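*Asks:* Coordinates in structure.cif, mmCIF, C-alpha atoms and all ligand atoms, are listed below.
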data_my_file
#
loop_
_atom_site.label_atom_id
_atom_site.label_comp_id
_atom_site.auth_asym_id
_atom_site.auth_seq_id
_atom_site.Cartn_x
_atom_site.Cartn_y
_atom_site.Cartn_z
CA MET O 1 68.85 100.77 78.84
CA LYS O 2 69.96 98.87 81.89
CA TYR O 3 73.05 99.82 83.86
CA THR O 4 76.04 97.48 83.88
CA ILE O 5 78.12 96.89 86.98
CA ALA O 6 81.77 96.41 86.13
CA THR O 7 85.02 95.84 87.94
CA ILE O 8 88.58 94.63 87.45
CA ALA O 9 88.77 90.83 87.55
CA SER O 10 90.61 90.20 90.82
CA HIS O 11 90.37 90.66 94.63
CA SER O 12 86.60 90.58 95.31
CA SER O 13 85.29 90.77 91.75
CA LEU O 14 83.51 87.41 91.91
CA GLN O 15 81.54 88.53 94.94
CA ILE O 16 80.77 91.98 93.45
CA LEU O 17 79.58 90.60 90.11
CA LYS O 18 77.63 87.72 91.66
CA GLY O 19 75.89 90.25 93.92
CA ALA O 20 75.18 92.55 90.97
CA LYS O 21 73.68 89.68 89.00
CA ASP O 22 71.51 88.64 91.95
CA GLU O 23 70.13 92.19 92.01
CA GLY O 24 69.34 92.08 88.29
CA PHE O 25 72.24 94.04 86.78
CA THR O 26 74.20 93.21 83.66
CA THR O 27 77.77 92.37 84.73
CA LEU O 28 81.14 92.98 83.16
CA ALA O 29 84.69 92.03 84.16
CA ILE O 30 87.83 93.66 82.84
CA ALA O 31 90.55 91.03 82.89
CA THR O 32 94.15 90.83 81.78
CA ASN O 33 94.57 88.24 79.01
CA ASP O 34 96.02 85.60 81.33
CA LYS O 35 92.95 85.67 83.59
CA VAL O 36 90.17 85.48 81.01
CA SER O 37 89.86 81.69 80.94
CA PHE O 38 89.53 81.56 84.74
CA TYR O 39 86.78 84.19 84.87
CA LYS O 40 84.89 82.52 81.99
CA ARG O 41 84.00 79.74 84.42
CA PHE O 42 81.45 81.98 86.14
CA LYS O 43 78.10 82.25 84.43
CA PHE O 44 77.00 85.34 86.36
CA ILE O 45 79.58 87.38 84.43
CA ASP O 46 77.81 88.50 81.26
CA GLU O 47 80.86 89.89 79.50
CA ILE O 48 84.62 89.83 79.92
CA ILE O 49 86.77 92.44 78.22
CA SER O 50 90.41 91.42 78.03
CA ILE O 51 93.30 93.86 78.12
CA ASP O 52 97.06 93.41 77.71
CA SER O 53 97.87 95.28 80.89
CA TYR O 54 96.07 97.36 83.51
CA SER O 55 97.48 100.56 82.03
CA ARG O 56 95.17 99.95 79.03
CA PHE O 57 92.13 100.32 81.26
CA TYR O 58 91.61 103.96 80.27
CA ASP O 59 91.45 103.06 76.57
CA LEU O 60 88.17 101.30 77.34
CA GLU O 61 86.42 104.22 78.97
CA ASN O 62 84.42 105.44 75.92
CA GLN O 63 83.31 101.92 75.12
CA LEU O 64 82.24 101.42 78.74
CA LYS O 65 80.36 104.72 78.95
CA LYS O 66 78.12 103.55 76.08
CA LYS O 67 77.20 100.52 78.18
CA LYS O 68 76.14 102.74 81.13
CA VAL O 69 78.79 101.20 83.30
CA ILE O 70 79.12 101.82 87.01
CA ILE O 71 82.57 100.85 88.25
CA VAL O 72 82.84 99.21 91.66
CA PRO O 73 86.42 99.65 92.92
CA HIS O 74 88.27 97.25 95.22
CA GLY O 75 91.80 96.67 96.52
CA SER O 76 93.25 95.85 93.11
CA PHE O 77 92.46 99.30 91.73
CA VAL O 78 95.08 101.02 93.84
CA ALA O 79 97.42 98.02 93.66
CA TYR O 80 97.37 97.89 89.84
CA LEU O 81 96.39 101.39 88.67
CA GLY O 82 98.11 103.31 91.46
CA LYS O 83 96.64 106.06 93.63
CA GLU O 84 96.66 108.62 90.84
CA GLY O 85 95.45 106.12 88.24
CA ASP O 86 92.44 105.29 90.33
CA LYS O 87 91.51 108.98 90.60
CA LYS O 88 91.79 109.40 86.82
CA ILE O 89 88.91 107.04 86.09
CA SER O 90 86.20 109.16 84.43
CA LEU O 91 83.47 106.52 84.51
CA SER O 92 80.69 106.55 87.05
CA TYR O 93 82.56 105.28 90.12
CA PHE O 94 80.90 103.87 93.25
CA GLY O 95 82.39 105.70 96.24
CA ASN O 96 83.91 109.01 97.26
CA LYS O 97 87.35 109.56 95.69
CA LYS O 98 88.08 112.47 98.04
CA ILE O 99 87.84 110.14 101.02
CA LEU O 100 90.21 107.71 99.31
CA ALA O 101 92.74 110.53 99.08
CA ILE O 102 92.56 111.00 102.86
CA GLU O 103 92.83 107.26 103.42
CA GLY O 104 95.92 107.19 101.24
CA ASP O 105 97.76 109.78 103.36
CA ARG O 106 98.98 108.17 106.60
CA MET O 107 98.97 111.39 108.63
CA LYS O 108 95.55 112.55 107.45
CA GLN O 109 94.15 109.10 108.13
CA TYR O 110 95.67 109.15 111.62
CA ARG O 111 94.06 112.50 112.43
CA TRP O 112 90.69 111.33 111.11
CA LEU O 113 90.69 108.24 113.34
CA LYS O 114 91.98 110.27 116.28
CA ASP O 115 89.14 112.82 115.83
CA ALA O 116 86.73 109.88 115.86
CA ASN O 117 88.08 109.05 119.34
CA LEU O 118 89.42 105.63 118.38
CA ASN O 119 92.32 104.16 120.34
CA LEU O 120 95.35 104.22 118.07
CA PRO O 121 98.78 102.68 118.54
CA LYS O 122 101.20 105.37 119.66
CA ILE O 123 103.47 106.69 116.90
CA PHE O 124 107.06 107.49 117.89
CA THR O 125 108.71 110.29 115.97
CA HIS O 126 112.15 109.78 117.55
CA VAL O 127 113.94 106.52 118.21
CA GLU O 128 115.02 107.91 121.62
CA GLU O 129 111.39 108.04 122.78
CA VAL O 130 110.76 104.34 122.21
CA ASP O 131 109.98 102.61 125.52
CA ARG O 132 108.08 99.49 124.43
CA VAL O 133 107.71 96.85 121.71
CA VAL O 134 107.27 98.55 118.32
CA ILE O 135 106.48 97.62 114.74
CA VAL O 136 108.37 99.54 112.07
CA LYS O 137 106.60 100.03 108.77
CA LEU O 138 108.33 101.06 105.61
CA HIS O 139 106.21 103.63 103.71
CA GLY O 140 104.41 102.05 100.79
CA ALA O 141 105.23 98.50 101.93
CA MET O 142 102.93 96.07 100.18
CA GLY O 143 101.34 93.28 102.18
CA GLY O 144 103.40 94.11 105.25
CA SER O 145 106.60 92.63 103.78
CA GLY O 146 108.60 95.77 104.66
CA TYR O 147 107.79 95.54 108.39
CA PHE O 148 109.79 94.43 111.39
CA ILE O 149 109.19 94.18 115.11
CA ALA O 150 111.70 95.45 117.68
CA LYS O 151 111.45 94.48 121.32
CA ASN O 152 112.94 97.72 122.74
CA GLN O 153 114.95 100.84 121.85
CA THR O 154 118.32 99.02 121.66
CA ASP O 155 116.89 96.32 119.42
CA LEU O 156 115.25 99.00 117.25
CA LYS O 157 118.54 100.89 116.76
CA LEU O 158 120.33 97.68 115.83
CA LYS O 159 117.69 96.67 113.31
CA LEU O 160 117.41 100.10 111.69
CA LYS O 161 121.16 99.99 111.16
CA LYS O 162 121.14 96.41 109.93
CA TYR O 163 118.43 97.10 107.32
CA ASN O 164 120.00 100.46 106.50
CA TRP O 165 116.63 102.18 106.55
CA ILE O 166 116.51 105.85 105.67
CA LYS O 167 114.93 108.27 108.14
CA ASN O 168 111.44 109.52 107.15
CA ASP O 169 110.96 106.45 105.04
CA TYR O 170 109.22 104.51 107.79
CA ILE O 171 106.98 104.92 110.81
CA ILE O 172 107.61 103.52 114.26
CA GLN O 173 104.39 102.33 115.85
CA GLU O 174 103.59 100.81 119.21
CA TYR O 175 103.07 97.07 118.76
CA ILE O 176 99.68 96.09 120.19
CA ILE O 177 99.55 92.61 121.63
CA GLY O 178 96.08 91.24 121.02
CA VAL O 179 93.82 89.61 118.48
CA PRO O 180 93.59 91.12 114.98
CA VAL O 181 89.96 91.70 114.05
CA TYR O 182 88.81 93.24 110.79
CA LEU O 183 85.44 94.95 111.00
CA GLN O 184 83.54 95.12 107.71
CA TYR O 185 80.95 97.88 107.55
CA PHE O 186 78.57 99.40 105.04
CA TYR O 187 77.25 102.93 105.41
CA SER O 188 74.21 103.79 103.33
CA PRO O 189 73.90 107.47 102.45
CA LEU O 190 70.35 106.74 101.30
CA SER O 191 69.04 105.25 104.54
CA LYS O 192 71.72 107.02 106.64
CA ASN O 193 72.29 103.76 108.43
CA LEU O 194 75.47 101.93 109.39
CA GLU O 195 75.47 98.15 108.90
CA LEU O 196 77.93 95.56 110.16
CA MET O 197 78.50 93.18 107.24
CA GLY O 198 80.94 90.75 108.77
CA ILE O 199 84.15 90.28 110.72
CA ASP O 200 87.26 88.40 109.72
CA ARG O 201 90.87 87.87 110.57
CA ARG O 202 93.64 87.34 108.10
CA TYR O 203 95.83 84.35 107.51
CA GLU O 204 99.22 85.86 106.83
CA SER O 205 102.43 84.31 105.61
CA ASN O 206 104.81 83.86 107.20
CA VAL O 207 103.75 85.33 110.55
CA ASP O 208 101.06 82.67 110.92
CA GLY O 209 103.48 79.97 109.80
CA ILE O 210 106.27 80.73 112.25
CA GLY O 211 104.18 79.46 115.18
CA ARG O 212 104.02 76.02 113.55
CA ILE O 213 107.66 75.29 114.22
CA PRO O 214 109.17 74.84 117.70
CA SER O 215 110.48 78.08 119.26
CA ASN O 216 114.11 76.88 119.51
CA MET O 217 114.04 76.23 115.76
CA GLN O 218 112.39 79.63 115.12
CA GLN O 219 115.42 81.24 116.73
CA GLU O 220 117.90 79.07 114.83
CA ILE O 221 116.52 79.82 111.38
CA ASN O 222 116.55 83.55 112.18
CA THR O 223 113.48 84.40 110.13
CA SER O 224 111.53 87.62 110.61
CA PRO O 225 107.76 87.88 110.29
CA SER O 226 106.11 89.08 107.09
CA TYR O 227 102.41 89.73 106.66
CA THR O 228 101.47 88.72 103.12
CA VAL O 229 97.76 87.93 103.11
CA ILE O 230 96.99 84.43 101.88
CA GLY O 231 93.39 84.07 103.04
CA ASN O 232 90.88 84.99 105.72
CA PHE O 233 89.10 83.33 108.62
CA PRO O 234 85.60 84.20 109.84
CA ILE O 235 85.16 85.47 113.39
CA VAL O 236 82.19 86.35 115.52
CA LEU O 237 82.88 88.65 118.43
CA ARG O 238 81.65 88.45 121.99
CA GLU O 239 78.23 90.04 121.80
CA SER O 240 79.18 92.53 124.51
CA LEU O 241 81.83 93.98 122.16
CA LEU O 242 79.32 94.74 119.40
CA PRO O 243 77.97 98.07 120.74
CA LYS O 244 81.54 99.41 120.61
CA VAL O 245 81.90 98.15 117.03
CA TYR O 246 78.87 100.17 115.92
CA GLU O 247 79.95 103.21 117.95
CA MET O 248 83.39 103.24 116.30
CA GLY O 249 81.94 102.91 112.79
CA GLU O 250 79.41 105.66 113.39
CA LYS O 251 82.02 108.07 114.74
CA VAL O 252 84.31 107.43 111.78
CA VAL O 253 81.44 108.18 109.38
CA ALA O 254 80.41 111.32 111.33
CA VAL O 255 83.95 112.77 111.27
CA SER O 256 84.32 111.94 107.56
CA LYS O 257 81.36 114.23 106.79
CA ARG O 258 83.28 117.11 108.35
CA LEU O 259 86.45 116.20 106.43
CA VAL O 260 84.76 115.91 103.05
CA PRO O 261 81.41 117.71 103.29
CA PRO O 262 78.68 116.92 102.68
CA ASP O 263 78.96 113.24 101.72
CA GLY O 264 81.98 111.91 103.62
CA LEU O 265 82.54 108.18 103.67
CA TYR O 266 79.87 105.87 102.28
CA GLY O 267 79.58 102.33 100.96
CA PRO O 268 81.77 99.53 102.31
CA PHE O 269 84.72 100.22 104.59
CA CYS O 270 86.79 98.30 107.08
CA LEU O 271 88.43 99.13 110.39
CA GLU O 272 91.51 96.99 110.97
CA THR O 273 91.76 96.57 114.71
CA ILE O 274 93.65 94.68 117.37
CA VAL O 275 91.65 93.79 120.49
CA THR O 276 93.62 93.61 123.72
CA ALA O 277 93.06 91.49 126.82
CA ASP O 278 91.21 94.38 128.50
CA GLN O 279 88.80 94.35 125.54
CA GLN O 280 89.96 97.59 123.99
CA PHE O 281 89.95 98.02 120.21
CA TYR O 282 93.06 99.62 118.76
CA CYS O 283 92.61 100.71 115.17
CA ILE O 284 95.63 100.23 112.94
CA GLU O 285 94.09 101.26 109.65
CA ILE O 286 90.94 102.10 107.75
CA SER O 287 90.15 100.85 104.23
CA CYS O 288 87.50 102.90 102.48
CA ARG O 289 86.20 100.33 100.02
CA ILE O 290 85.30 96.67 99.89
CA VAL O 291 87.96 94.49 101.54
CA ALA O 292 88.69 90.97 100.36
CA GLY O 293 87.83 89.50 103.77
CA THR O 294 84.18 90.01 102.76
CA ASN O 295 84.65 87.13 100.28
CA LEU O 296 83.97 84.86 103.24
CA TYR O 297 80.37 85.96 103.28
CA ILE O 298 79.04 85.51 99.76
CA LEU O 299 76.15 83.72 101.44
CA GLY O 300 75.82 86.44 104.08
CA SER O 301 77.36 86.58 107.54
CA PRO O 302 76.00 85.97 111.04
CA TYR O 303 75.53 89.75 111.19
CA THR O 304 73.78 90.33 107.85
CA ASP O 305 71.51 87.42 108.69
CA LEU O 306 70.14 89.49 111.57
CA THR O 307 69.03 92.31 109.29
CA PHE O 308 68.38 90.86 105.83
CA LYS O 309 65.92 88.19 104.77
CA GLU O 310 68.13 86.97 101.94
CA PRO O 311 71.86 86.08 101.87
CA MET O 312 73.56 89.49 101.68
CA SER O 313 77.20 89.78 100.69
CA THR O 314 78.90 93.17 100.67
CA GLY O 315 79.02 92.89 96.86
CA ARG O 316 75.27 92.37 96.73
CA ARG O 317 74.73 95.18 99.25
CA ILE O 318 76.56 97.57 96.92
CA ALA O 319 74.30 96.51 94.04
CA LEU O 320 71.23 96.96 96.24
CA GLU O 321 72.32 100.51 97.09
CA ILE O 322 72.93 101.31 93.42
CA LYS O 323 69.52 99.89 92.53
CA ARG O 324 67.79 102.04 95.14
CA ALA O 325 69.72 105.13 94.01
CA ILE O 326 68.64 104.55 90.40
CA ARG O 327 65.02 104.08 91.49
CA GLU O 328 65.07 107.27 93.57
CA ASP O 329 67.11 109.22 91.01
CA LYS O 330 69.96 109.69 93.50
CA LEU O 331 72.85 108.07 91.69
CA HIS O 332 74.84 111.29 92.14
CA LEU O 333 74.83 110.66 95.91
CA ILE O 334 76.74 107.39 95.64
CA THR O 335 79.02 107.87 92.65
CA ASP O 336 81.99 110.10 91.95
P1 LIG Q 1 95.09 90.93 94.30
O1 LIG Q 1 94.15 91.47 93.27
O2 LIG Q 1 94.68 89.65 94.92
O3 LIG Q 1 96.48 90.90 93.80
O4 LIG Q 1 95.09 91.99 95.48
C1 LIG Q 1 95.13 93.36 95.31
C2 LIG Q 1 95.39 94.03 96.64
O5 LIG Q 1 94.44 93.60 97.63
C3 LIG Q 1 96.75 93.68 97.23
O6 LIG Q 1 97.25 94.87 97.84
C4 LIG Q 1 96.47 92.62 98.27
O7 LIG Q 1 97.38 92.66 99.33
C5 LIG Q 1 95.06 92.97 98.74
N1 LIG Q 1 94.33 91.74 99.07
C6 LIG Q 1 94.00 90.75 98.22
N2 LIG Q 1 93.35 89.76 98.85
C7 LIG Q 1 93.28 90.13 100.14
C8 LIG Q 1 92.71 89.53 101.32
N3 LIG Q 1 92.12 88.33 101.27
N4 LIG Q 1 92.77 90.22 102.48
C9 LIG Q 1 93.35 91.42 102.51
N5 LIG Q 1 93.93 92.03 101.47
C10 LIG Q 1 93.88 91.41 100.29
P1 LIG Q 2 98.81 96.51 107.78
O1 LIG Q 2 99.70 96.50 106.58
O2 LIG Q 2 98.82 97.82 108.52
O3 LIG Q 2 97.43 96.01 107.49
O4 LIG Q 2 99.43 95.45 108.81
C1 LIG Q 2 99.70 94.11 108.46
C2 LIG Q 2 99.62 93.24 109.70
O5 LIG Q 2 100.58 93.66 110.68
C3 LIG Q 2 98.28 93.32 110.41
O6 LIG Q 2 97.39 92.36 109.92
C4 LIG Q 2 98.63 93.06 111.84
O7 LIG Q 2 98.63 91.66 112.08
C5 LIG Q 2 100.06 93.56 111.98
N1 LIG Q 2 100.14 94.89 112.61
C6 LIG Q 2 100.21 96.09 111.99
N2 LIG Q 2 100.32 97.11 112.87
C7 LIG Q 2 100.32 96.55 114.09
C8 LIG Q 2 100.39 97.07 115.43
N3 LIG Q 2 100.51 98.37 115.67
N4 LIG Q 2 100.37 96.19 116.45
C9 LIG Q 2 100.25 94.86 116.20
N5 LIG Q 2 100.18 94.31 114.99
C10 LIG Q 2 100.21 95.13 113.94
#
Would it be possible to restate this file's structure as C-alpha cells?
Ligand code: AMP
Ligand code: AMP
*Replies:*
Amino acid sequence: MKYTIATIASHSSLQILKGAKDEGFTTLAIATNDKVSFYKRFKFIDEIISIDSYSRFYDLENQLKKKKVIIVPHGSFVAYLGKEGDKKISLSYFGNKKILAIEGDRMKQYRWLKDANLNLPKIFTHVEEVDRVVIVKLHGAMGGSGYFIAKNQTDLKLKLKKYNWIKNDYIIQEYIIGVPVYLQYFYSPLSKNLELMGIDRRYESNVDGIGRIPSNMQQEINTSPSYTVIGNFPIVLRESLLPKVYEMGEKVVAVSKRLVPPDGLYGPFCLETIVTADQQFYCIEISCRIVAGTNLYILGSPYTDLTFKEPMSTGRRIALEIKRAIREDKLHLITD
C-alpha cells in the first residue's frame, strides 16, 4: 500500500500537499470544519478529514496509521497544538522532535547558534548594561506583537515601567539595523548535502505600514511597531554573500549533530537574519521546519533552479526525500 502524506490544513499545507502529489503520493489534509470548503478547491488534495477543533487531532491517530500516513509538520503545529502537543503525535513524523525541543528553548537555541559561530545580537541581562538601541521581547509573544524598541537605557526604563513588564518575562536584545533576510535551507540526511531553497523577507503589520505615513504624523499618533506577518517578498542576495549563507547553514547542521547525536537537524529549516551595512549576517532565530516564506516558491526559486531540473518547492523537496528514504528502506532516518 502506498504511503499518504498528511498535514494540518494551514500555513504551508497547500505547498506541502501539492509537492507530495507531484511526487506521486496520496495526500490528506486535516482541517477544522470552517476550513473544509476552502481546501476542497484544490484537486491535488485526495482527502480532507474535518475536525471540530485541533485538540481532536489525536483522536484520528489510529485511523491515520491504517492509511500509512507520514505527517509533515509546519508552523501551525506548534501554534495550534502547542509545544507539548506536537511532541505527543505518535504518527510517523517528518523531522527530529528532539531538535524542535532545543529550538523551543531560547537559551539552548542561543548556545547552539553561538557554537556554530554565527553573529548574534547581544543579549543584556541587566537594564543597567544597556548602551545602545534594543528590542525587548516578551517571552512567548506571538507574531512579535509583544515587542518594543527602546532607543537607550533611559527610554528602556521608562517603557518597562509604562508597560508594567515583569522581570524574567522578557529578553532585552541589541537591535540590529539592517535588512531582514530569511534563509530557507534543506539538509538531506540521505545525500548529506545542504541546499539553499530560497530567500524571503516578511511583510509585517504594522511595522511596514508605519513608513507609509509622514514622520511628523507617526509621532503624533504615538503608535508602536508590531510584527504580525501578513505576507512575504522574494529576495535574491548579492552573489558574493552566498558562500557565507552556505557556511552558516553547514555549521548549524554540524553543531546540531553534536547536540542531538547522531541525526541532528535535517529537512527544511530557516535562519532569520538581519544583514548590516558592512555585510554581516546577524541571526535572530532559527526555525527547524518548513517556514511559510517558502510558499513564494511553489514553482521553485532562483536557487533551486540552479540545482534541480524541475520546479522544486520545499514541500516537493520533502516528498522527494521521503520517496528516496522509502526506496532505500531508510524511513527511520527521516522520521521521528
Ligand atoms: P497560521 O496557520 O497562518 O495561523 O500560522 C501558524 C503560525 O505560523 C503562526 O505562528 C504564524 O505567525 C506563522 N506564520 C504563518 N504564515 C507565516 C508567514 N507567511 N511567514 C512567517 N510566519 C508565518
Ligand atoms: P521574531 O519574532 O524574532 O521573528 O521577530 C519579529 C521581527 O522583529 C523580525 O522579523 C525582525 O524584523 C524584528 N527583529 C527581531 N529581533 C530583532 C533584532 N535583534 N534586531 C532587529 N530587528 C529584530
*Asks:* Would you be able to write out as an mmCIF file with C-alpha atoms, in the frame of the given file which residues have an atom within 9 Å of (112.1, 106.2, 107.8) in the file's coordinates, counting only C-alpha atoms?
*Replies:*
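Ended up saving to selection.cif:
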data_model
loop_
_atom_site.group_PDB
_atom_site.id
_atom_site.type_symbol
_atom_site.label_atom_id
_atom_site.label_comp_id
_atom_site.auth_asym_id
_atom_site.auth_seq_id
_atom_site.Cartn_x
_atom_site.Cartn_y
_atom_site.Cartn_z
ATOM 1 C CA VAL O 136 108.370 99.540 112.070
ATOM 2 C CA LYS O 137 106.600 100.030 108.770
ATOM 3 C CA LEU O 138 108.330 101.060 105.610
ATOM 4 C CA HIS O 139 106.210 103.630 103.710
ATOM 5 C CA LEU O 160 117.410 100.100 111.690
ATOM 6 C CA TRP O 165 116.630 102.180 106.550
ATOM 7 C CA ILE O 166 116.510 105.850 105.670
ATOM 8 C CA LYS O 167 114.930 108.270 108.140
ATOM 9 C CA ASN O 168 111.440 109.520 107.150
ATOM 10 C CA ASP O 169 110.960 106.450 105.040
ATOM 11 C CA TYR O 170 109.220 104.510 107.790
ATOM 12 C CA ILE O 171 106.980 104.920 110.810
ATOM 13 C CA ILE O 172 107.610 103.520 114.260
#
*Asks:* Counting only C-alpha atoms and all ligand atoms, which protein, DNA or RNA residues come within 7 Å of ligand LIG 2 (chain Q), given as a list in words?
*Replies:*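 The neighbouring residues of ligand LIG 2 (chain Q) are, in order, Pro121, Ile135, Gly143, Gly144, Gln173, Glu174, Tyr175, Ile176, Ile177, Pro180, Arg202, Tyr227, Glu272, Ile274, Ile284 and Glu285 of chain O.
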*Asks:* So that I can see what lies close to O:Asp46, please list as a PyMOL selection string the residues with an atom at most 7 Å from it, counting all atoms listed in the file and leaving out residues fewer than 5 positions away in the same chain.
*Replies:* chain O and resi 26-28
*Asks:* Could you state the separation of atom CA of O:Lys122 and atom CA of O:Arg106 in Å, given to one decimal place?
*Replies:*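 Atom-to-atom, atom CA of O:Lys122 to atom CA of O:Arg106, that is 13.5 Å.
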*Asks:* Please check which protein, DNA or RNA residues sit within 6 Å of ligand LIG 1 (chain Q), counting only C-alpha atoms and all ligand atoms, and write them as a list of chain:residue names.
*Replies:*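 Result of the 6 Å neighbour search around ligand LIG 1 (chain Q): O:Ser10, O:His11, O:Gly75, O:Ser76, O:Ala79, O:Gly143, O:Val229, O:Gly231, O:Asn232, O:Ala292, O:Gly293.
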*Asks:* Can you pull out the residues contacting O:Asn96? Cut-off 7 Å, using all atoms listed in the file, and skip same-chain residues under 6 positions away; I want them as a ChimeraX atom specification.
*Replies:* /O:265,335-336
*Asks:* Atom CA of O:Ala325 and atom CA of O:Phe25, how far apart in Å?
*Replies:* 13.5 Å
*Asks:* Ranking O:Arg289, O:Lys251, O:Lys159, O:Arg201 by minimum distance to O:Thr273 and counting all atoms listed in the file, which one comes first?
*Replies:*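 Result for the nearest residue to O:Thr273: O:Arg201.
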